[in-house]
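S.K.: Here it is: the structure, laid out below.
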Amino acid sequence: QASTAGETPKSKDTEPKIFMISGLTQQAKKSVTQDIRRLGGTVMDKQSWDKRCTHLITDEVKRVEKTLAACASGRWVVTVEYVKASLRAKRFVDEKQYEHGASGGRRDDESHAHRGNELLPDTPHRCRILRETVPALNGGLFSGMKALVALADNRKTDIVVRVLDSGGAAQVATCSGAPATDQLQSATAVFVDANQFEGVKKHASTTGASVYTSDSLSGLLSCGHFDAEDGLYKFE
């Protein structure tokens, strides 16, 4: 967006950088936190994902809430070296060189991700690129999704809800037990326990809703695609 006369254009360097940290030892986390604050950034020390976060610092791409949510929202997921390089430069440097997956290593066995076991290594990069290049996904990879989360475990339900919300889902409803027909009809995506998957998928076949297990969030982020006809990000 062009600035008007007398205004100073907002540069990338002046945009607030809000960090979360995942998977580091307490000592490493303390050191990284101090370095980020020295550079003028903000660190949120929280167990659960916060939608205000712009950068996730982690040394491994693992299937944990913060990484799933960062990918779903298309945020930067970078290594600790990003902070070290920024400290040497005395300013925040360009993230691309330090982004997980930017080097392109990947996909020997995509079916592994489809089983939902792990996130593939380049998932953070591909998710960020999708958010930045597909206008319909500007709010996150789950933009427009009307999700129904039907899981027995309340803690897992809360995590899945936060990940979907971080990805811009238009609606996230929950229920316990097998979803009713009217619930399926109002959803575009349903997340169920593995032992409910086949039954719910058969039940949902006439509604057009996609059915996933909760663990397949990893595979959805790693290997899904944008369906231009439906305007949704999905597996099929």
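Starting from 1 in every chain, residues are counted up; chains themselves are A, B, ... following the order of the structure tokens, and ligands are numbered from 1 as listed.
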Would you tabulate, counting only C-alpha atoms, all residues of region 126-152 of chain A that have an atom at most 8 Å from an atom of region 188-199 of chain A, showing the closest pair of atoms and their distance in Å to one decimal, sorted by chain then ascending number, as a tab-separated table?
M.R.:
```
residue	atom	partner	partner_atom	distance
A:Met145	CA	A:Thr188	CA	6.0
A:Lys146	CA	A:Thr188	CA	5.1
A:Ala147	CA	A:Ala189	CA	4.8
A:Leu148	CA	A:Val190	CA	4.7
A:Val149	CA	A:Phe191	CA	4.8
A:Ala150	CA	A:Val192	CA	5.0
A:Leu151	CA	A:Val192	CA	5.4
A:Ala152	CA	A:Asp193	CA	7.3
```
S.K.: Determine which residues of region 110-229 of chain A DSSP labels as alpha helix (DSSP H) from the backbone of this structure, then write them out as a ChimeraX atom specification.
M.R.: /A:110-114,123-133,154-166,181-185,197-204,217-223
S.K.: Check the smallest atom-to-atom distance from each of A:Thr157, A:Leu39, A:Thr54, A:Ala169 to Thr213 (chain A) using only C-alpha atoms, then report the winner.
M.R.: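 Closest residue, counting only C-alpha atoms: A:Thr157.
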S.K.: Measuring between only C-alpha atoms, which one of A:His225, A:His125, A:Lys29, A:Arg75 shows the shortest distance to Gly139 (chain A)?
M.R.: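 Smallest separation from Gly139 (chain A) among the options: A:Arg75.
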S.K.: Between CA of Leu120 (chain A) and CA of Gln47 (chain A), what is the distance in Å, rounded to a tenth?
M.R.: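 Spanning CA of Leu120 (chain A) to CA of Gln47 (chain A) is a straight-line distance of 22.9 Å.
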S.K.: CA of Asp45 (chain A) and CA of Asn138 (chain A) are how many Å apart?
M.R.: 26.3 Å
S.K.: Can you tell me which residues surround Leu130 (chain A) at a distance of at most 10 Å, considering only C-alpha atoms, apart from same-chain residues fewer than 3 positions away, and format the answer as a ChimeraX atom specification?
M.R.: /A:74,125-127,133-138,140-141,225-226,233
S.K.: List the neighbours of Ser73 (chain A) out to 9 Å using only C-alpha atoms; skip same-chain residues closer than 2 positions along the sequence, and give me the result as number ranges by chain.
M.R.: A: 51, 68-71, 75, 127-128, 131, 138-142, 163-168
S.K.: Would you mind telling me which residue in A:Gly224, A:Arg38, A:Val80, A:Glu65 lies nearest to Leu24 (chain A) when using only C-alpha atoms?
M.R.: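 So, comparing all the options, the nearest one is A:Val80.
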S.K.: So which bits of region 108-172 of chain A end up strand (DSSP E or B) when you DSSP the backbone, as a ChimeraX atom specification?
M.R.: /A:146-150,171-172
S.K.: List as number ranges by chain the protein and nucleic acid residues near Arg37 (chain A), meaning an atom at most 12 Å away when only C-alpha atoms are counted, but skip any in the same chain fewer than 2 places from it.
M.R.: A: 16-19, 30-35, 39-44, 83, 86-87, 90-92
S.K.: Considering only C-alpha atoms, can you say which of A:Thr67, A:Asp158, A:His55, A:Val211 comes closest to Leu184 (chain A)?
M.R.: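 When distances to Leu184 (chain A) are compared using only C-alpha atoms, the smallest one comes from A:Val211.
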S.K.: Tell me, as a list in words, which residues lie within 10 Å of Asp94 (chain A), counting only C-alpha atoms; anything in the same chain fewer than 2 positions away does not count.
M.R.: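 My reading of the contact set: Lys12, Asp13, Tyr82, Ala85, Ser86, Arg91, Phe92, Lys96, Gln97, Tyr98 and Glu99 of chain A.
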S.K.: Can you measure CA of Pro124 (chain A) to CA of Val77 (chain A) for me? One decimal in Å is fine.
M.R.: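 Between CA of Pro124 (chain A) and CA of Val77 (chain A) the gap works out to 6.0 Å.
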